[in-house]
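S.K.: Right, I'll just put the structure down here and ask away after.
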Amino acid sequence: MSSPDGATRSWLVKAVLSVGLALFAGPAPAFDYHLKPVAVAERTWMVQGRREELSEDNGGDIANAAFIATGDGVIVIDTGSTLSYGRALRAAIATVTDQPVRWVINTHHHPDHVFGNQAFEGAEISALPATIAALKRDADSFRTTLYQRLGDAVRGTETALPTRALEAGESRFGDYPLRLFAFSGHSGADLVVLDPATGVLFTGDLVFHHRAPTTPHSPGIGIWREQLRQVRALRFDVLVPGHGPAAKDESPVVETLDYLDWLDRRLTNGAASGATRNEVIQAPLPERFADMALVRYELTRSVSHFYADYEEALLWADPDTTK
Amino acid sequence: MAGYLKPLLAVLILLGAPWSVAEEAREDPLGSFMWERYRERFLGDTPVRFDSRVGIQAPAFAEDSGQVPIDVDASDFNGRFQRMLLWVELNPIPLVFDYRPLSDGLGRLSINVRLEQSSAVRVAVLSDGVWHVGSTRIEGEGGGCTTPGIAKTEDNWSKDFGRIKARRFGHESGSRVRVKLSHPMDSGLIPSTRPFYVEQVAFVHGDEPVASMTWQASVSENPELALTLKGDAGTAYRFQARDNNGNEFDHVIP
Ligand SMILES: [Zn+2]
C-alpha cells in the first residue's frame with residue numbers, strides 16, 4: 001500500500017475519531033445486518049436470514065423477510081427479530097424502490113418474525129386474529145429471550161402489535177389483492193400468502209428449507225403434515241419459505257413434509273420401544289438431512305415438545321402389557 | 001529437537017505419564033468452582049476419580065427446565081458398586097437421588113430432573129472404596145421460542161395423584177423397567193407451598209427390596225424413572241414408593 005497522502009490521512013483521523021467517539025462518548029452503533037434484497041419475481045424481493053439459531057453473532061437475523069412493491073406502496077411480509085433489523089430492512093427496501101412501506105403482514109407470532117414491526121411506524125400492521133392474541137400472550141417472554149440471546153442487537157426493541165386482523169380469502173392492500181390462507185400447523189396460527197399476480201407463495205414457517213423445522217407451538221405433527229399437503233396442492237411459481245432459500249418448485253414443501261414424517265416415525269418408534277428421551281435425541285440422523293441446518297438441535301427441542309404425548313399414546317396407554 | 005534429548009524425554013514421559021494421568025483424573029474436567037463443595041458434602045473423605053466409564057447423557061440445553069432427561073450408564077460397574085449419587089450443582093436442592101443397587105439394580109438408568117439454571121451435572125458411583133465420577137453440563141435456556149407458556153404444566157396431578165404406570169422391556173443384561181408416578185414433587189421453595197415429594201423408592205422381589213433409591217425434590221413433577229434390573233421378564237418385581245407425608249404407593253411391574 002502506498003503511503004497515505006494528506007487527504008487520506010485526514011480521512012484516517014476522522015475514522016479513528018469517530019470510532020473513538022462511538023466507543024467512548026456515544027451509544028454503540030446499531031447492529032450491522034448487511035441485508036440484501038434479492039428479486040424473486042416481478043416487483044417482489046426476499047431478504048434471506050441465516051440458517052442459524054438466535055445468537056449475538058447474527059443479531060437475530062435468522063428468518064426470511066419479503067416485500068412486494070405494489071405501485072401504490074410496499075407490503076412487507078415479516079420483520080425480523082429486532083428494531084435494528086426492522087430499520088435495516090426498511091433501508092434495504094429503499095435501495096430497490098422509492099415506494100413507501102404502507103403495509104406490514106406478520107405470518108405468525110414467533111419472535112424472529114415480528115420484533116422489527118416497531119421500525120415501520122405509519123404502516124398498517126396486520127396478522128391473523130389468533131396470531132395477535134398469541135403475540136399478546138407471549139411477547140414479554142419472547143422479549144426476555146431475545147435480550148438474553150442477542151445482547152446489544154436487540155436494544156430498544158419493543159412489541160408493536162398488529163392492528164388489522166386478517167382472515168382467509170382475498171384481502172386487499174390498497175388496491176392490491178392477495179389470497180390468504182389460515183393454517184395452524186407450525187405455530188397455532190400460520191398465515192400463507194399467495195400473490196396471484198406474480199405467482200409468489202409466501203409460506204411463513206409452515207415451510208422450512210434446508211433448515212430443520214421448529215415445533216414449540218405446533219398443535220401436532222399430524223395437523224402440520226395435513227396442512228402441508230394442502231399447500232402442496234396450491235398453484236404457485238415461486239415459494240418463499242420462512243427460513244432458507246426460495247425455490248421455483250414445491251421442493252421446500254416436500255422437504256418439510258419429509259422431515260416431519262421422519263420426526264413422527266422417530267418419536268413413534270422411540271415411545272413404542274421404551275427408548276429414553278436422550279436415546280431418541282442421540283440416535284444417528286439420516287444421511288439425507290446432512291444439508292439441513294440444526295437438525296439435532298431442533299430434534300432435541302421437539303422431543304421436549306412432543307415425546308410425552310407419544311409416550312402417553314404408545315407406552316402408557318396399555319400399562320399392563322408386558323413386552 | 002537435538003538427538004541427544006530424545007532418550008531423556010522418553011524417560012521423562014515414562015516417569016511422568018502414570019502420575020499425570022492419575023492426577024488428571026482427580027481434576028474436575030469442567031473446572032467448576034462448585035465441585036469441591038459438593039465433593040466434600042456428598043463424597044466426604046473417600047477417594048475420587050473422574051472416570052469415563054461413568055457415562056452421563058443429557059441434552060446440551062434444557063428446552064423445558066422442569067423436565068430435563070438425564071441418562072446414566074455405568075454398566076461397567078454392574079454387580080460391583082454400592083451406591084450412585086446424582087446432583088445438579090447449581091440447583092437450590094442439588095442432590096437428585098441416592099441409589100443403592102442392592103442385589104438386582106444395575107448401573108443404567110434414566111430420570112427427569114429440574115434445572116434451575118445452566119449447571120454442571122455429576123453422577124458418582126461408589127465401587128471398591130472409590131467414587132467414580134462422570135460429568136456433563138446443561139445450558140439452562142433453550143431455543144428462541146422457549147417460554148414458560150410452552151412447557152406443559154400438568155396441573156391435573158391431583159386427579160391422578162399416586163397413579164403409577166409401569167412397563168418392562170427386555171434388555172441384554174436383564175429388564176429395563178419404566179415407571180411413571182403422578183406426584184407434584186413440590187420442593188417447598190415456592191412461597192406458601194410445603195415440601196411434598198416422594199423420598200423413598202424401591203423395587204421389591206418377594207418381600208425383599210432388591211434395588212432402592214432416595215429422591216429429593218429436584219426430581220421432576222410426575223417423576224419418570226427407567227432402571228435396568230438383573231431379573232428377566234419372568235422375575236416378579238413390585239415398585240414401591242413413599243412420600244414425605246407418609247403416602248405409600250405400590251404397583252406390580254408387568
Ligand atoms: Zn416460527
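Order determines the names: the first chain of the C-alpha cells is A, the second B, and so forth; residues in each chain are numbered 1 upward, and ligands are numbered 1 upward as they are shown.
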Output the contact residues of chain B with respect to chain A at a cut-off of 6 Å, based on only C-alpha atoms, as a PDB file with all heavy atoms, in the first residue's frame.

M.R.:
```pdb
ATOM      1  N   GLU B  63     -34.765 -27.467  27.045  1.00  0.00           N
ATOM      2  CA  GLU B  63     -35.890 -26.832  26.360  1.00  0.00           C
ATOM      3  C   GLU B  63     -37.027 -26.595  27.346  1.00  0.00           C
ATOM      4  O   GLU B  63     -37.711 -25.592  27.281  1.00  0.00           O
ATOM      5  CB  GLU B  63     -36.338 -27.704  25.187  1.00  0.00           C
ATOM      6  CG  GLU B  63     -37.549 -27.203  24.421  1.00  0.00           C
ATOM      7  CD  GLU B  63     -37.270 -25.947  23.614  1.00  0.00           C
ATOM      8  OE1 GLU B  63     -36.115 -25.485  23.577  1.00  0.00           O
ATOM      9  OE2 GLU B  63     -38.226 -25.413  23.019  1.00  0.00           O
ATOM     10  N   THR B 147     -40.534 -20.491  26.181  1.00  0.00           N
ATOM     11  CA  THR B 147     -41.185 -19.614  27.132  1.00  0.00           C
ATOM     12  C   THR B 147     -41.867 -20.476  28.172  1.00  0.00           C
ATOM     13  O   THR B 147     -42.164 -21.633  27.913  1.00  0.00           O
ATOM     14  CB  THR B 147     -42.259 -18.745  26.482  1.00  0.00           C
ATOM     15  OG1 THR B 147     -43.371 -19.586  26.162  1.00  0.00           O
ATOM     16  CG2 THR B 147     -41.772 -18.073  25.234  1.00  0.00           C
ATOM     17  N   LYS B 165     -47.788 -45.908  36.390  1.00  0.00           N
ATOM     18  CA  LYS B 165     -47.793 -46.698  35.169  1.00  0.00           C
ATOM     19  C   LYS B 165     -46.417 -47.333  35.044  1.00  0.00           C
ATOM     20  O   LYS B 165     -45.407 -46.688  35.337  1.00  0.00           O
ATOM     21  CB  LYS B 165     -48.069 -45.809  33.960  1.00  0.00           C
ATOM     22  CG  LYS B 165     -49.479 -45.231  33.972  1.00  0.00           C
ATOM     23  CD  LYS B 165     -49.635 -44.224  32.864  1.00  0.00           C
ATOM     24  CE  LYS B 165     -51.080 -43.742  32.788  1.00  0.00           C
ATOM     25  NZ  LYS B 165     -51.239 -42.768  31.708  1.00  0.00           N
ATOM     26  N   ALA B 166     -46.385 -48.559  34.615  1.00  0.00           N
ATOM     27  CA  ALA B 166     -45.100 -49.252  34.517  1.00  0.00           C
ATOM     28  C   ALA B 166     -45.062 -50.148  33.298  1.00  0.00           C
ATOM     29  O   ALA B 166     -46.085 -50.690  32.877  1.00  0.00           O
ATOM     30  CB  ALA B 166     -44.857 -50.081  35.782  1.00  0.00           C
ATOM     31  N   PHE B 169     -39.207 -53.844  29.520  1.00  0.00           N
ATOM     32  CA  PHE B 169     -38.654 -54.195  28.213  1.00  0.00           C
ATOM     33  C   PHE B 169     -37.446 -55.099  28.417  1.00  0.00           C
ATOM     34  O   PHE B 169     -36.677 -54.895  29.354  1.00  0.00           O
ATOM     35  CB  PHE B 169     -38.215 -52.935  27.452  1.00  0.00           C
ATOM     36  CG  PHE B 169     -39.364 -52.024  27.116  1.00  0.00           C
ATOM     37  CD1 PHE B 169     -39.770 -51.047  28.015  1.00  0.00           C
ATOM     38  CD2 PHE B 169     -40.055 -52.165  25.923  1.00  0.00           C
ATOM     39  CE1 PHE B 169     -40.847 -50.217  27.721  1.00  0.00           C
ATOM     40  CE2 PHE B 169     -41.126 -51.349  25.625  1.00  0.00           C
ATOM     41  CZ  PHE B 169     -41.526 -50.364  26.528  1.00  0.00           C
ATOM     42  N   PRO B 254     -45.336 -55.104  35.258  1.00  0.00           N
ATOM     43  CA  PRO B 254     -45.900 -56.130  34.385  1.00  0.00           C
ATOM     44  C   PRO B 254     -44.803 -57.019  33.790  1.00  0.00           C
ATOM     45  O   PRO B 254     -43.668 -56.618  33.685  1.00  0.00           O
ATOM     46  CB  PRO B 254     -46.615 -55.330  33.291  1.00  0.00           C
ATOM     47  CG  PRO B 254     -46.010 -53.984  33.318  1.00  0.00           C
ATOM     48  CD  PRO B 254     -45.557 -53.745  34.735  1.00  0.00           C
TER      49      PRO B 254
END
```

S.K.: Residues within 10 Å of ligand 1 should be enumerated using only C-alpha atoms and all ligand atoms and returned as number ranges by chain.

M.R.: A: 63, 107-113, 186-188, 190, 204-208, 213-218, 242-243; B: 144-145

S.K.: Tell me which of B:Arg53, B:His132, B:Arg83, B:His183 sits closest to Asn247 in chain B, counting only C-alpha atoms.

M.R.: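 The closest residue to Asn247 in chain B is B:His183.
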
S.K.: Mind checking which residues fall within 7 Å of range 235-241 of chain A, counting only C-alpha atoms, ignoring those fewer than 5 positions away in the same chain, and posting them as a list in words?

M.R.: Gly199, Val200, Leu201, Phe202, Thr203, Gly204, Asp205, Val207, Phe208, His209, Ala246, Ala247, Lys248 and Asp249 of chain A

S.K.: I need the residues from that last selection saved to file as an mmCIF file, in the first residue's frame (with all heavy atoms), if you can.

M.R.:
```cif
data_model
loop_
_atom_site.group_PDB
_atom_site.id
_atom_site.type_symbol
_atom_site.label_atom_id
_atom_site.label_comp_id
_atom_site.auth_asym_id
_atom_site.auth_seq_id
_atom_site.Cartn_x
_atom_site.Cartn_y
_atom_site.Cartn_z
ATOM 1 N N GLY A 199 -47.550 -14.999 -8.788
ATOM 2 C CA GLY A 199 -47.408 -16.430 -8.523
ATOM 3 C C GLY A 199 -46.460 -16.737 -7.379
ATOM 4 O O GLY A 199 -45.985 -17.863 -7.240
ATOM 5 N N VAL A 200 -46.159 -15.736 -6.551
ATOM 6 C CA VAL A 200 -45.268 -15.986 -5.420
ATOM 7 C C VAL A 200 -46.099 -16.421 -4.201
ATOM 8 O O VAL A 200 -47.097 -15.798 -3.864
ATOM 9 C CB VAL A 200 -44.440 -14.736 -5.061
ATOM 10 C CG1 VAL A 200 -43.521 -15.039 -3.870
ATOM 11 C CG2 VAL A 200 -43.617 -14.272 -6.256
ATOM 12 N N LEU A 201 -45.651 -17.517 -3.577
ATOM 13 C CA LEU A 201 -46.301 -18.032 -2.378
ATOM 14 C C LEU A 201 -45.374 -17.782 -1.187
ATOM 15 O O LEU A 201 -44.248 -18.279 -1.158
ATOM 16 C CB LEU A 201 -46.565 -19.534 -2.530
ATOM 17 C CG LEU A 201 -47.370 -20.201 -1.410
ATOM 18 C CD1 LEU A 201 -48.824 -19.739 -1.444
ATOM 19 C CD2 LEU A 201 -47.287 -21.725 -1.535
ATOM 20 N N PHE A 202 -45.864 -16.999 -0.225
ATOM 21 C CA PHE A 202 -45.094 -16.723 0.990
ATOM 22 C C PHE A 202 -45.656 -17.629 2.080
ATOM 23 O O PHE A 202 -46.784 -17.441 2.523
ATOM 24 C CB PHE A 202 -45.232 -15.260 1.402
ATOM 25 C CG PHE A 202 -44.889 -14.279 0.306
ATOM 26 C CD1 PHE A 202 -45.867 -13.835 -0.588
ATOM 27 C CD2 PHE A 202 -43.597 -13.792 0.167
ATOM 28 C CE1 PHE A 202 -45.563 -12.930 -1.592
ATOM 29 C CE2 PHE A 202 -43.278 -12.877 -0.840
ATOM 30 C CZ PHE A 202 -44.264 -12.437 -1.726
ATOM 31 N N THR A 203 -44.875 -18.610 2.508
ATOM 32 C CA THR A 203 -45.448 -19.640 3.388
ATOM 33 C C THR A 203 -45.222 -19.387 4.867
ATOM 34 O O THR A 203 -45.750 -20.125 5.694
ATOM 35 C CB THR A 203 -44.823 -21.015 3.083
ATOM 36 O OG1 THR A 203 -43.422 -20.936 3.391
ATOM 37 C CG2 THR A 203 -45.029 -21.407 1.635
ATOM 38 N N GLY A 204 -44.449 -18.343 5.227
ATOM 39 C CA GLY A 204 -44.077 -18.238 6.632
ATOM 40 C C GLY A 204 -43.416 -19.532 7.074
ATOM 41 O O GLY A 204 -42.866 -20.278 6.251
ATOM 42 N N ASP A 205 -43.515 -19.850 8.367
ATOM 43 C CA ASP A 205 -42.806 -21.021 8.888
ATOM 44 C C ASP A 205 -43.578 -22.321 8.718
ATOM 45 O O ASP A 205 -43.169 -23.352 9.245
ATOM 46 C CB ASP A 205 -42.458 -20.819 10.371
ATOM 47 C CG ASP A 205 -41.256 -19.921 10.547
ATOM 48 O OD1 ASP A 205 -40.765 -19.391 9.534
ATOM 49 O OD2 ASP A 205 -40.810 -19.744 11.696
ATOM 50 N N VAL A 207 -43.439 -23.686 6.083
ATOM 51 C CA VAL A 207 -42.448 -24.376 5.259
ATOM 52 C C VAL A 207 -41.043 -23.885 5.617
ATOM 53 O O VAL A 207 -40.799 -22.684 5.688
ATOM 54 C CB VAL A 207 -42.714 -24.130 3.753
ATOM 55 C CG1 VAL A 207 -41.642 -24.814 2.903
ATOM 56 C CG2 VAL A 207 -44.105 -24.621 3.368
ATOM 57 N N PHE A 208 -40.156 -24.840 5.869
ATOM 58 C CA PHE A 208 -38.736 -24.568 6.085
ATOM 59 C C PHE A 208 -37.973 -25.148 4.893
ATOM 60 O O PHE A 208 -38.423 -26.107 4.277
ATOM 61 C CB PHE A 208 -38.226 -25.235 7.368
ATOM 62 C CG PHE A 208 -38.634 -24.537 8.637
ATOM 63 C CD1 PHE A 208 -39.950 -24.558 9.075
ATOM 64 C CD2 PHE A 208 -37.692 -23.875 9.415
ATOM 65 C CE1 PHE A 208 -40.327 -23.926 10.256
ATOM 66 C CE2 PHE A 208 -38.053 -23.238 10.599
ATOM 67 C CZ PHE A 208 -39.366 -23.262 11.021
ATOM 68 N N HIS A 209 -36.783 -24.587 4.641
ATOM 69 C CA HIS A 209 -35.994 -25.074 3.506
ATOM 70 C C HIS A 209 -34.524 -25.158 3.897
ATOM 71 O O HIS A 209 -33.932 -24.142 4.252
ATOM 72 C CB HIS A 209 -36.185 -24.121 2.309
ATOM 73 C CG HIS A 209 -35.737 -24.693 1.008
ATOM 74 N ND1 HIS A 209 -35.484 -23.914 -0.090
ATOM 75 C CD2 HIS A 209 -35.498 -25.970 0.613
ATOM 76 C CE1 HIS A 209 -35.098 -24.682 -1.104
ATOM 77 N NE2 HIS A 209 -35.107 -25.923 -0.698
ATOM 78 N N ALA A 246 -35.414 -19.439 -1.297
ATOM 79 C CA ALA A 246 -36.636 -19.554 -2.100
ATOM 80 C C ALA A 246 -36.452 -20.667 -3.124
ATOM 81 O O ALA A 246 -35.336 -21.132 -3.359
ATOM 82 C CB ALA A 246 -36.911 -18.231 -2.807
ATOM 83 N N ALA A 247 -37.557 -21.107 -3.712
ATOM 84 C CA ALA A 247 -37.492 -22.167 -4.712
ATOM 85 C C ALA A 247 -38.537 -21.921 -5.775
ATOM 86 O O ALA A 247 -39.545 -21.250 -5.530
ATOM 87 C CB ALA A 247 -37.715 -23.535 -4.061
ATOM 88 N N LYS A 248 -38.291 -22.482 -6.972
ATOM 89 C CA LYS A 248 -39.252 -22.332 -8.062
ATOM 90 C C LYS A 248 -40.134 -23.560 -8.190
ATOM 91 O O LYS A 248 -40.821 -23.752 -9.187
ATOM 92 C CB LYS A 248 -38.507 -22.083 -9.370
ATOM 93 C CG LYS A 248 -37.812 -20.725 -9.346
ATOM 94 C CD LYS A 248 -37.504 -20.208 -10.722
ATOM 95 C CE LYS A 248 -37.268 -18.700 -10.647
ATOM 96 N NZ LYS A 248 -36.298 -18.235 -11.619
ATOM 97 N N ASP A 249 -40.093 -24.423 -7.196
ATOM 98 C CA ASP A 249 -40.939 -25.617 -7.225
ATOM 99 C C ASP A 249 -41.380 -25.939 -5.802
ATOM 100 O O ASP A 249 -41.124 -25.190 -4.878
ATOM 101 C CB ASP A 249 -40.183 -26.788 -7.852
ATOM 102 C CG ASP A 249 -38.867 -27.042 -7.143
ATOM 103 O OD1 ASP A 249 -38.773 -26.733 -5.928
ATOM 104 O OD2 ASP A 249 -37.914 -27.532 -7.779
#
```

S.K.: Could you write out, as a VMD selection string, all the residues of range 59-293 of chain A that DSSP marks as strand (DSSP E or B)?

M.R.: chain A and resid 65 to 69 74 to 77 101 to 105 124 to 127 164 to 165 169 to 173 176 to 183 190 to 195 200 to 208 211 238 to 243 247 293

S.K.: Which residue out of B:Asp64, B:Glu248, B:Asp45, B:Glu27 has the minimum interatomic distance to Gly129 in chain B when only C-alpha atoms are used?

M.R.: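 Nearest candidate to Gly129 in chain B out of B:Asp64, B:Glu248, B:Asp45, B:Glu27: B:Asp45.
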
S.K.: Using only C-alpha atoms, which protein or nucleic acid residues come within 12 Å of Pro209 in chain B? Drop anything in the same chain fewer than 2 positions from it, and give the result as a PyMOL selection string.

M.R.: chain B and resi 100-105+200-207+211-213+236-241

S.K.: So how far away is CA of Ser32 in chain B from CA of Ser119 in chain B, in Å?

M.R.: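 Calculated distance between CA of Ser119 in chain B and CA of Ser32 in chain B is 9.1 Å.
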
S.K.: Any idea what's packed within 12 Å of Tyr99 in chain B, counting only C-alpha atoms, ignoring anything in its chain fewer than 4 positions away? Could you give it as a tab-separated table (two decimals) with C-alpha atoms, in the first residue's frame?

M.R.:
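Result file is out-v5.tsv:
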```
chain	number	residue	atom	x	y	z
B	72	VAL	CA	-26.64	-42.60	33.32
B	81	PHE	CA	-20.95	-50.82	43.02
B	82	GLN	CA	-22.66	-49.97	46.27
B	83	ARG	CA	-24.11	-46.50	45.68
B	84	MET	CA	-24.78	-43.98	42.96
B	85	LEU	CA	-25.44	-40.26	43.51
B	86	LEU	CA	-26.67	-37.68	41.01
B	87	TRP	CA	-26.51	-33.97	41.64
B	95	LEU	CA	-28.92	-33.76	45.16
B	105	GLY	CA	-30.06	-53.00	40.46
B	106	LEU	CA	-27.74	-52.33	37.52
B	107	GLY	CA	-25.77	-49.28	36.51
B	108	ARG	CA	-28.05	-47.94	33.84
B	109	LEU	CA	-30.92	-45.58	34.50
B	111	ILE	CA	-34.66	-39.89	35.22
B	123	VAL	CA	-23.01	-38.71	38.79
B	124	ALA	CA	-20.80	-40.54	41.27
B	125	VAL	CA	-20.57	-44.33	41.56
B	126	LEU	CA	-19.03	-45.90	44.68
B	199	GLU	CA	-38.47	-39.62	49.11
B	200	GLN	CA	-38.25	-43.42	49.08
B	201	VAL	CA	-38.42	-45.65	46.04
B	202	ALA	CA	-37.75	-49.38	45.87
B	203	PHE	CA	-38.10	-52.36	43.60
B	210	VAL	CA	-33.73	-55.60	45.53
B	211	ALA	CA	-32.88	-52.02	44.47
B	212	SER	CA	-33.68	-48.76	46.27
B	213	MET	CA	-33.37	-45.02	45.90
B	214	THR	CA	-33.95	-41.93	47.96
B	215	TRP	CA	-35.17	-38.95	45.96
B	216	GLN	CA	-35.04	-35.21	46.51
B	227	LEU	CA	-33.92	-48.58	35.55
```

S.K.: Just the residues within 12 Å of Gln48 in chain A, please, counting only C-alpha atoms, with nothing from its chain fewer than 4 positions along; format it as a ChimeraX atom specification.

M.R.: /A:33-40,52,61-67,78-80,89,209,240-246

S.K.: Please write the residues from the selection above to a file, keeping C-alpha atoms, as a PDB file, in the first residue's frame.

M.R.:
```pdb
ATOM      1  CA  TYR A  33     -27.116  -6.650   9.387  1.00  0.00           C
ATOM      2  CA  HIS A  34     -25.875  -6.211   5.784  1.00  0.00           C
ATOM      3  CA  LEU A  35     -29.333  -7.008   4.411  1.00  0.00           C
ATOM      4  CA  LYS A  36     -29.542  -7.603   0.697  1.00  0.00           C
ATOM      5  CA  PRO A  37     -32.902  -7.854  -1.079  1.00  0.00           C
ATOM      6  CA  VAL A  38     -32.897 -10.498  -3.802  1.00  0.00           C
ATOM      7  CA  ALA A  39     -35.533 -10.264  -6.545  1.00  0.00           C
ATOM      8  CA  VAL A  40     -37.631 -13.429  -6.703  1.00  0.00           C
ATOM      9  CA  GLU A  52     -28.917 -20.455  12.440  1.00  0.00           C
ATOM     10  CA  ASP A  61     -31.073 -12.358  11.515  1.00  0.00           C
ATOM     11  CA  ILE A  62     -32.331 -15.927  11.175  1.00  0.00           C
ATOM     12  CA  ALA A  63     -35.714 -15.643   9.444  1.00  0.00           C
ATOM     13  CA  ASN A  64     -36.726 -14.513   5.983  1.00  0.00           C
ATOM     14  CA  ALA A  65     -38.461 -11.235   5.234  1.00  0.00           C
ATOM     15  CA  ALA A  66     -40.008 -10.376   1.883  1.00  0.00           C
ATOM     16  CA  PHE A  67     -41.719  -7.429   0.237  1.00  0.00           C
ATOM     17  CA  ASP A  78     -42.344 -10.402   8.343  1.00  0.00           C
ATOM     18  CA  THR A  79     -39.958  -8.014  10.029  1.00  0.00           C
ATOM     19  CA  GLY A  80     -37.214  -9.938  11.848  1.00  0.00           C
ATOM     20  CA  LEU A  89     -34.915  -3.888   6.353  1.00  0.00           C
ATOM     21  CA  HIS A 209     -35.994 -25.074   3.506  1.00  0.00           C
ATOM     22  CA  VAL A 240     -40.615 -18.058  -0.254  1.00  0.00           C
ATOM     23  CA  PRO A 241     -40.257 -20.149   2.937  1.00  0.00           C
ATOM     24  CA  GLY A 242     -39.983 -18.771   6.483  1.00  0.00           C
ATOM     25  CA  HIS A 243     -36.389 -19.954   6.725  1.00  0.00           C
ATOM     26  CA  GLY A 244     -33.943 -20.908   3.987  1.00  0.00           C
ATOM     27  CA  PRO A 245     -33.720 -20.167   0.271  1.00  0.00           C
ATOM     28  CA  ALA A 246     -36.636 -19.554  -2.100  1.00  0.00           C
TER      29      ALA A 246
END
```
